[in-house]
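Raw entry-v4.cif, mmCIF, N, CA and C atoms:
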data_query
#
loop_
_atom_site.label_atom_id
_atom_site.label_comp_id
_atom_site.auth_asym_id
_atom_site.auth_seq_id
_atom_site.Cartn_x
_atom_site.Cartn_y
_atom_site.Cartn_z
N MET L 14 74.39 142.78 82.42
CA MET L 14 74.52 141.40 82.00
C MET L 14 73.44 141.08 80.98
N LYS L 15 73.80 140.33 79.97
CA LYS L 15 72.81 139.97 78.97
C LYS L 15 72.75 138.45 78.88
N PRO L 16 71.55 137.94 78.77
CA PRO L 16 71.42 136.48 78.66
C PRO L 16 71.86 136.02 77.27
N SER L 17 72.54 134.87 77.25
CA SER L 17 72.93 134.30 75.96
C SER L 17 71.84 133.35 75.52
N SER L 18 71.73 133.19 74.25
CA SER L 18 70.66 132.33 73.74
C SER L 18 71.05 130.87 73.87
N PHE L 19 70.06 130.05 74.17
CA PHE L 19 70.28 128.62 74.33
C PHE L 19 69.15 127.92 73.62
N LYS L 20 69.47 127.15 72.60
CA LYS L 20 68.42 126.48 71.83
C LYS L 20 68.03 125.18 72.51
N GLY L 21 66.74 124.93 72.52
CA GLY L 21 66.26 123.64 72.98
C GLY L 21 65.86 123.62 74.44
N GLY L 22 65.79 124.71 75.14
CA GLY L 22 65.38 124.65 76.53
C GLY L 22 65.18 126.03 77.09
N ASN L 23 64.86 126.09 78.36
CA ASN L 23 64.61 127.37 78.99
C ASN L 23 65.77 127.77 79.91
N ILE L 24 66.94 127.20 79.73
CA ILE L 24 68.09 127.54 80.56
C ILE L 24 68.75 128.79 80.00
N MET L 25 69.03 129.74 80.87
CA MET L 25 69.68 130.97 80.44
C MET L 25 70.96 131.14 81.23
N THR L 26 72.03 131.49 80.57
CA THR L 26 73.29 131.76 81.24
C THR L 26 73.58 133.24 81.12
N PHE L 27 74.25 133.76 82.11
CA PHE L 27 74.57 135.18 82.11
C PHE L 27 76.07 135.36 81.96
N GLN L 28 76.46 136.30 81.14
CA GLN L 28 77.87 136.59 80.94
C GLN L 28 78.21 137.86 81.71
N SER L 29 79.24 137.78 82.52
CA SER L 29 79.65 138.93 83.32
C SER L 29 80.76 139.69 82.58
N LYS L 30 80.70 141.01 82.63
CA LYS L 30 81.71 141.82 81.97
C LYS L 30 82.84 142.21 82.92
N THR L 31 82.68 141.93 84.21
CA THR L 31 83.74 142.26 85.16
C THR L 31 84.66 141.06 85.31
N PRO L 32 85.97 141.29 85.27
CA PRO L 32 86.89 140.17 85.43
C PRO L 32 86.89 139.64 86.86
N TYR L 33 87.30 138.39 87.01
CA TYR L 33 87.37 137.78 88.33
C TYR L 33 88.52 138.38 89.11
N VAL L 34 88.22 138.94 90.27
CA VAL L 34 89.22 139.59 91.10
C VAL L 34 89.38 138.77 92.38
N VAL L 35 90.63 138.43 92.71
CA VAL L 35 90.90 137.66 93.92
C VAL L 35 90.87 138.59 95.11
N ASP L 36 90.19 138.17 96.15
CA ASP L 36 90.12 138.93 97.39
C ASP L 36 91.53 139.03 97.97
N THR L 37 91.87 140.17 98.56
CA THR L 37 93.22 140.36 99.09
C THR L 37 93.51 139.40 100.23
N ARG L 38 92.53 139.08 101.05
CA ARG L 38 92.73 138.13 102.15
C ARG L 38 93.02 136.74 101.58
N GLN L 39 92.28 136.36 100.56
CA GLN L 39 92.49 135.06 99.93
C GLN L 39 93.87 135.01 99.27
N ALA L 40 94.30 136.09 98.66
CA ALA L 40 95.62 136.14 98.04
C ALA L 40 96.72 136.00 99.08
N LYS L 41 96.54 136.62 100.25
CA LYS L 41 97.53 136.50 101.32
C LYS L 41 97.62 135.06 101.83
N VAL L 42 96.48 134.41 101.99
CA VAL L 42 96.47 133.03 102.48
C VAL L 42 97.15 132.11 101.47
N ILE L 43 96.86 132.31 100.20
CA ILE L 43 97.49 131.49 99.15
C ILE L 43 98.99 131.71 99.12
N THR L 44 99.42 132.96 99.27
CA THR L 44 100.85 133.27 99.27
C THR L 44 101.55 132.65 100.47
N ILE L 45 100.94 132.74 101.64
CA ILE L 45 101.53 132.16 102.84
C ILE L 45 101.64 130.64 102.71
N LEU L 46 100.60 130.01 102.20
CA LEU L 46 100.66 128.56 102.01
C LEU L 46 101.71 128.15 100.98
N ALA L 47 101.87 128.92 99.93
CA ALA L 47 102.88 128.61 98.91
C ALA L 47 104.29 128.75 99.49
N VAL L 48 104.52 129.80 100.29
CA VAL L 48 105.83 129.98 100.91
C VAL L 48 106.11 128.87 101.91
N PHE L 49 105.10 128.48 102.69
CA PHE L 49 105.26 127.39 103.65
C PHE L 49 105.57 126.07 102.95
N LEU L 50 104.86 125.78 101.87
CA LEU L 50 105.11 124.56 101.10
C LEU L 50 106.51 124.56 100.49
N ALA L 51 106.94 125.68 99.93
CA ALA L 51 108.28 125.77 99.35
C ALA L 51 109.34 125.59 100.43
N THR L 52 109.12 126.16 101.62
CA THR L 52 110.07 126.00 102.72
C THR L 52 110.17 124.55 103.15
N CYS L 53 109.04 123.88 103.23
CA CYS L 53 109.04 122.46 103.63
C CYS L 53 109.74 121.60 102.60
N LEU L 54 109.56 121.89 101.33
CA LEU L 54 110.18 121.09 100.28
C LEU L 54 111.69 121.33 100.18
N LEU L 55 112.16 122.51 100.55
CA LEU L 55 113.57 122.83 100.41
C LEU L 55 114.39 122.52 101.66
N MET L 56 113.74 122.10 102.74
CA MET L 56 114.48 121.76 103.96
C MET L 56 115.23 120.45 103.76
N SER L 57 116.44 120.39 104.25
CA SER L 57 117.20 119.15 104.15
C SER L 57 117.20 118.45 105.50
N VAL L 58 117.08 117.15 105.44
CA VAL L 58 117.06 116.35 106.66
C VAL L 58 118.04 115.19 106.49
N ASN L 59 118.45 114.62 107.59
CA ASN L 59 119.33 113.46 107.53
C ASN L 59 118.54 112.24 107.12
N ALA L 60 119.18 111.35 106.37
CA ALA L 60 118.54 110.10 105.97
C ALA L 60 118.51 109.16 107.17
N MET L 61 117.33 108.68 107.49
CA MET L 61 117.17 107.76 108.61
C MET L 61 116.93 106.37 108.05
N ALA L 62 117.88 105.47 108.23
CA ALA L 62 117.75 104.13 107.70
C ALA L 62 118.37 103.14 108.67
N MET L 63 118.00 101.87 108.52
CA MET L 63 118.51 100.83 109.40
C MET L 63 119.80 100.26 108.82
N THR L 64 120.78 100.05 109.66
CA THR L 64 122.03 99.45 109.21
C THR L 64 121.91 97.93 109.25
N VAL L 65 122.84 97.26 108.58
CA VAL L 65 122.85 95.80 108.59
C VAL L 65 123.23 95.34 109.99
N PRO L 66 122.48 94.38 110.55
CA PRO L 66 122.81 93.90 111.91
C PRO L 66 124.17 93.22 111.95
N ALA L 67 124.71 93.11 113.13
CA ALA L 67 126.02 92.46 113.31
C ALA L 67 125.92 90.98 113.00
N ALA L 68 126.98 90.44 112.39
CA ALA L 68 126.99 89.03 112.03
C ALA L 68 126.93 88.16 113.29
N GLY L 69 126.14 87.10 113.22
CA GLY L 69 126.01 86.18 114.34
C GLY L 69 124.83 86.46 115.24
N SER L 70 124.22 87.62 115.14
CA SER L 70 123.06 87.94 115.98
C SER L 70 121.79 87.38 115.34
N PHE L 71 120.72 87.32 116.16
CA PHE L 71 119.45 86.81 115.66
C PHE L 71 118.90 87.72 114.56
N ALA L 72 119.08 89.02 114.71
CA ALA L 72 118.58 89.97 113.69
C ALA L 72 119.31 89.77 112.37
N TYR L 73 120.60 89.41 112.42
CA TYR L 73 121.32 89.18 111.17
C TYR L 73 120.79 87.95 110.45
N ASP L 74 120.43 86.91 111.22
CA ASP L 74 119.85 85.72 110.60
C ASP L 74 118.55 86.06 109.87
N LEU L 75 117.70 86.87 110.51
CA LEU L 75 116.46 87.30 109.85
C LEU L 75 116.75 88.16 108.62
N TYR L 76 117.72 89.05 108.74
CA TYR L 76 118.11 89.90 107.61
C TYR L 76 118.65 89.05 106.47
N ASP L 77 119.48 88.06 106.80
CA ASP L 77 120.08 87.20 105.78
C ASP L 77 119.01 86.41 105.04
N ILE L 78 118.04 85.89 105.78
CA ILE L 78 116.97 85.12 105.14
C ILE L 78 116.07 86.05 104.32
N GLY L 79 115.64 87.16 104.92
CA GLY L 79 114.69 88.05 104.25
C GLY L 79 115.26 88.79 103.07
N VAL L 80 116.46 89.32 103.21
CA VAL L 80 117.02 90.15 102.13
C VAL L 80 117.90 89.34 101.19
N ASN L 81 118.91 88.68 101.74
CA ASN L 81 119.89 88.02 100.87
C ASN L 81 119.33 86.79 100.18
N GLN L 82 118.56 85.96 100.89
CA GLN L 82 118.10 84.71 100.29
C GLN L 82 116.76 84.83 99.56
N ILE L 83 115.86 85.66 100.08
CA ILE L 83 114.54 85.78 99.44
C ILE L 83 114.50 86.93 98.44
N LEU L 84 114.76 88.16 98.91
CA LEU L 84 114.64 89.34 98.05
C LEU L 84 115.68 89.34 96.93
N LEU L 85 116.93 89.08 97.26
CA LEU L 85 118.00 89.10 96.26
C LEU L 85 118.21 87.75 95.60
N GLY L 86 117.52 86.73 96.06
CA GLY L 86 117.71 85.39 95.52
C GLY L 86 116.74 85.07 94.40
N PRO L 87 116.60 83.76 94.12
CA PRO L 87 115.73 83.34 93.02
C PRO L 87 114.25 83.64 93.27
N ILE L 88 113.83 83.66 94.52
CA ILE L 88 112.42 83.95 94.81
C ILE L 88 112.07 85.38 94.41
N GLY L 89 112.95 86.33 94.72
CA GLY L 89 112.72 87.72 94.35
C GLY L 89 112.74 87.91 92.84
N PHE L 90 113.64 87.19 92.16
CA PHE L 90 113.71 87.30 90.69
C PHE L 90 112.44 86.75 90.05
N ILE L 91 111.99 85.60 90.51
CA ILE L 91 110.76 85.01 89.96
C ILE L 91 109.56 85.90 90.24
N ALA L 92 109.51 86.50 91.43
CA ALA L 92 108.41 87.41 91.76
C ALA L 92 108.45 88.64 90.86
N GLY L 93 109.64 89.16 90.55
CA GLY L 93 109.75 90.31 89.65
C GLY L 93 109.30 89.99 88.25
N VAL L 94 109.69 88.82 87.73
CA VAL L 94 109.26 88.41 86.40
C VAL L 94 107.75 88.19 86.38
N ALA L 95 107.21 87.57 87.44
CA ALA L 95 105.76 87.36 87.51
C ALA L 95 105.01 88.69 87.54
N CYS L 96 105.56 89.68 88.22
CA CYS L 96 104.94 91.01 88.23
C CYS L 96 104.92 91.62 86.83
N MET L 97 105.99 91.46 86.09
CA MET L 97 106.03 92.00 84.74
C MET L 97 105.02 91.30 83.82
N VAL L 98 104.88 89.99 83.98
CA VAL L 98 103.89 89.25 83.18
C VAL L 98 102.48 89.70 83.56
N PHE L 99 102.23 89.85 84.85
CA PHE L 99 100.92 90.30 85.31
C PHE L 99 100.63 91.72 84.82
N ALA L 100 101.65 92.58 84.80
CA ALA L 100 101.47 93.94 84.29
C ALA L 100 101.13 93.92 82.81
N ALA L 101 101.75 93.01 82.05
CA ALA L 101 101.43 92.90 80.63
C ALA L 101 99.98 92.47 80.43
N ILE L 102 99.52 91.53 81.26
CA ILE L 102 98.12 91.08 81.17
C ILE L 102 97.18 92.24 81.49
N LEU L 103 97.51 93.01 82.53
CA LEU L 103 96.67 94.16 82.89
C LEU L 103 96.66 95.21 81.78
N ALA L 104 97.80 95.42 81.14
CA ALA L 104 97.86 96.41 80.05
C ALA L 104 97.04 95.95 78.85
N ILE L 105 97.05 94.66 78.58
CA ILE L 105 96.23 94.14 77.47
C ILE L 105 94.76 94.33 77.77
N ARG L 106 94.38 94.23 79.02
CA ARG L 106 92.98 94.42 79.42
C ARG L 106 92.61 95.89 79.61
N GLN L 107 93.49 96.80 79.22
CA GLN L 107 93.27 98.24 79.30
C GLN L 107 93.17 98.74 80.74
N MET L 108 93.83 98.08 81.67
CA MET L 108 93.89 98.52 83.06
C MET L 108 95.27 99.15 83.26
N ILE L 109 95.42 100.36 82.75
CA ILE L 109 96.73 100.98 82.65
C ILE L 109 97.27 101.40 84.01
N LEU L 110 96.45 102.01 84.86
CA LEU L 110 96.93 102.49 86.14
C LEU L 110 97.39 101.35 87.05
N PRO L 111 96.62 100.28 87.22
CA PRO L 111 97.15 99.16 88.01
C PRO L 111 98.39 98.54 87.37
N ALA L 112 98.43 98.50 86.05
CA ALA L 112 99.60 97.94 85.37
C ALA L 112 100.84 98.77 85.66
N ALA L 113 100.70 100.08 85.73
CA ALA L 113 101.85 100.94 86.03
C ALA L 113 102.38 100.66 87.43
N GLY L 114 101.48 100.48 88.39
CA GLY L 114 101.91 100.16 89.75
C GLY L 114 102.61 98.81 89.83
N VAL L 115 102.09 97.83 89.10
CA VAL L 115 102.70 96.50 89.10
C VAL L 115 104.06 96.54 88.42
N VAL L 116 104.21 97.34 87.38
CA VAL L 116 105.51 97.48 86.71
C VAL L 116 106.53 98.08 87.68
N LEU L 117 106.12 99.09 88.44
CA LEU L 117 107.04 99.68 89.41
C LEU L 117 107.46 98.68 90.47
N GLY L 118 106.50 97.90 90.97
CA GLY L 118 106.83 96.88 91.96
C GLY L 118 107.74 95.80 91.39
N GLY L 119 107.46 95.38 90.16
CA GLY L 119 108.30 94.37 89.52
C GLY L 119 109.70 94.88 89.25
N ALA L 120 109.82 96.15 88.86
CA ALA L 120 111.14 96.73 88.63
C ALA L 120 111.92 96.81 89.94
N PHE L 121 111.22 97.12 91.02
CA PHE L 121 111.87 97.13 92.34
C PHE L 121 112.39 95.74 92.69
N LEU L 122 111.60 94.72 92.44
CA LEU L 122 112.04 93.36 92.75
C LEU L 122 113.20 92.92 91.85
N LEU L 123 113.16 93.29 90.58
CA LEU L 123 114.24 92.89 89.68
C LEU L 123 115.55 93.64 89.96
N LYS L 124 115.45 94.86 90.44
CA LYS L 124 116.63 95.66 90.75
C LYS L 124 116.84 95.80 92.25
N ALA L 125 116.45 94.79 93.02
CA ALA L 125 116.53 94.86 94.47
C ALA L 125 117.97 94.99 94.96
N ASP L 126 118.93 94.40 94.26
CA ASP L 126 120.32 94.50 94.70
C ASP L 126 120.81 95.95 94.64
N SER L 127 120.42 96.69 93.60
CA SER L 127 120.80 98.10 93.50
C SER L 127 120.10 98.93 94.57
N VAL L 128 118.84 98.60 94.85
CA VAL L 128 118.10 99.35 95.86
C VAL L 128 118.72 99.14 97.24
N VAL L 129 119.08 97.90 97.55
CA VAL L 129 119.70 97.61 98.85
C VAL L 129 121.04 98.32 98.97
N GLN L 130 121.84 98.36 97.90
CA GLN L 130 123.13 99.04 97.92
C GLN L 130 122.94 100.55 98.06
N THR L 131 121.92 101.10 97.42
CA THR L 131 121.65 102.54 97.52
C THR L 131 121.26 102.91 98.94
N ILE L 132 120.41 102.09 99.55
CA ILE L 132 120.01 102.36 100.94
C ILE L 132 121.23 102.25 101.85
N GLY L 133 122.11 101.28 101.58
CA GLY L 133 123.33 101.18 102.36
C GLY L 133 124.23 102.38 102.17
N ALA L 134 124.24 102.97 100.97
CA ALA L 134 125.05 104.16 100.74
C ALA L 134 124.49 105.37 101.48
N LEU L 135 123.16 105.42 101.64
CA LEU L 135 122.55 106.52 102.40
C LEU L 135 122.89 106.43 103.87
N ILE L 136 123.10 105.21 104.36
CA ILE L 136 123.36 105.02 105.79
C ILE L 136 124.75 105.54 106.16
N SER L 137 125.74 105.18 105.37
CA SER L 137 127.13 105.51 105.75
C SER L 137 127.54 106.90 105.37
#
Mind turning the file's structure into structure tokens?
Amino acid sequence: MKPSSFKGGNIMTFQSKTPYVVDTRQAKVITILAVFLATCLLMSVNAMAMTVPAAGSFAYDLYDIGVNQILLGPIGFIAGVACMVFAAILAIRQMILPAAGVVLGGAFLLKADSVVQTIGALIS
């Protein structure tokens, strides 16, 4: 190994001529973890979702107020527009990551009817 020159201080770095070799045990562990992760990602499972409650029950009244009147109604639309305005303000202030999260939330609120229908399609 030969020290490389460094101007302006007494720090010396050494350059190695041998390439980095992965230990066989470490390679086995990495391979096993990669296979396990791929197996977990490729497994199929049933979609578990809640169905719409029966009409006339107390749960249906809560569902009707929460989903149909608030989320899909004018309150949800105004909340979605407000999220988009807030995201624009955050983007102007160079807060890009929070703005991206707010845009996703606002898009969810504006497209809540499609999301509810998609979840209903997963159930049946």
Task: L:Ala113, L:Ala101, L:Ala68, L:Ala125 ranked by distance to L:Gly89, top pick (using only N, CA and C atoms) - done: L:Ala125
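For the pair atom N of L:Val94 and atom C of L:Ala112, the interatomic distance is 13.5 Å.
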- [ ] Please indicate the distance in Å from atom CA of L:Ser127 to atom CA of L:Gly69, rounded to one decimal place.
- [x]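 Spanning atom CA of L:Ser127 to atom CA of L:Gly69 is a straight-line distance of 24.6 Å.
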TODO: Using atom CA of L:Val115 and atom CA of L:Tyr76 as the two end points, give the distance in Å to one decimal.
DONE: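 Separation between atom CA of L:Val115 and atom CA of L:Tyr76: 25.0 Å.
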- [ ] Identify all residues satisfying the PyMOL selection byres ((chain L and resi 96) around 7) in the given file; provide them as a VMD selection string.
- [x] chain L and resid 91 to 95 97 to 101 115 to 116 118 to 120
Specify the axis-aligned box that encloses all atoms of stretch 84-100 of chain L listed in the file after padding of 4 Å on each side, stating its centre and edge lengths in Å to one decimal as JSON.
{"center_x": 109.4, "center_y": 88.6, "center_z": 90.9, "size_x": 25.6, "size_y": 18.6, "size_z": 24.1}
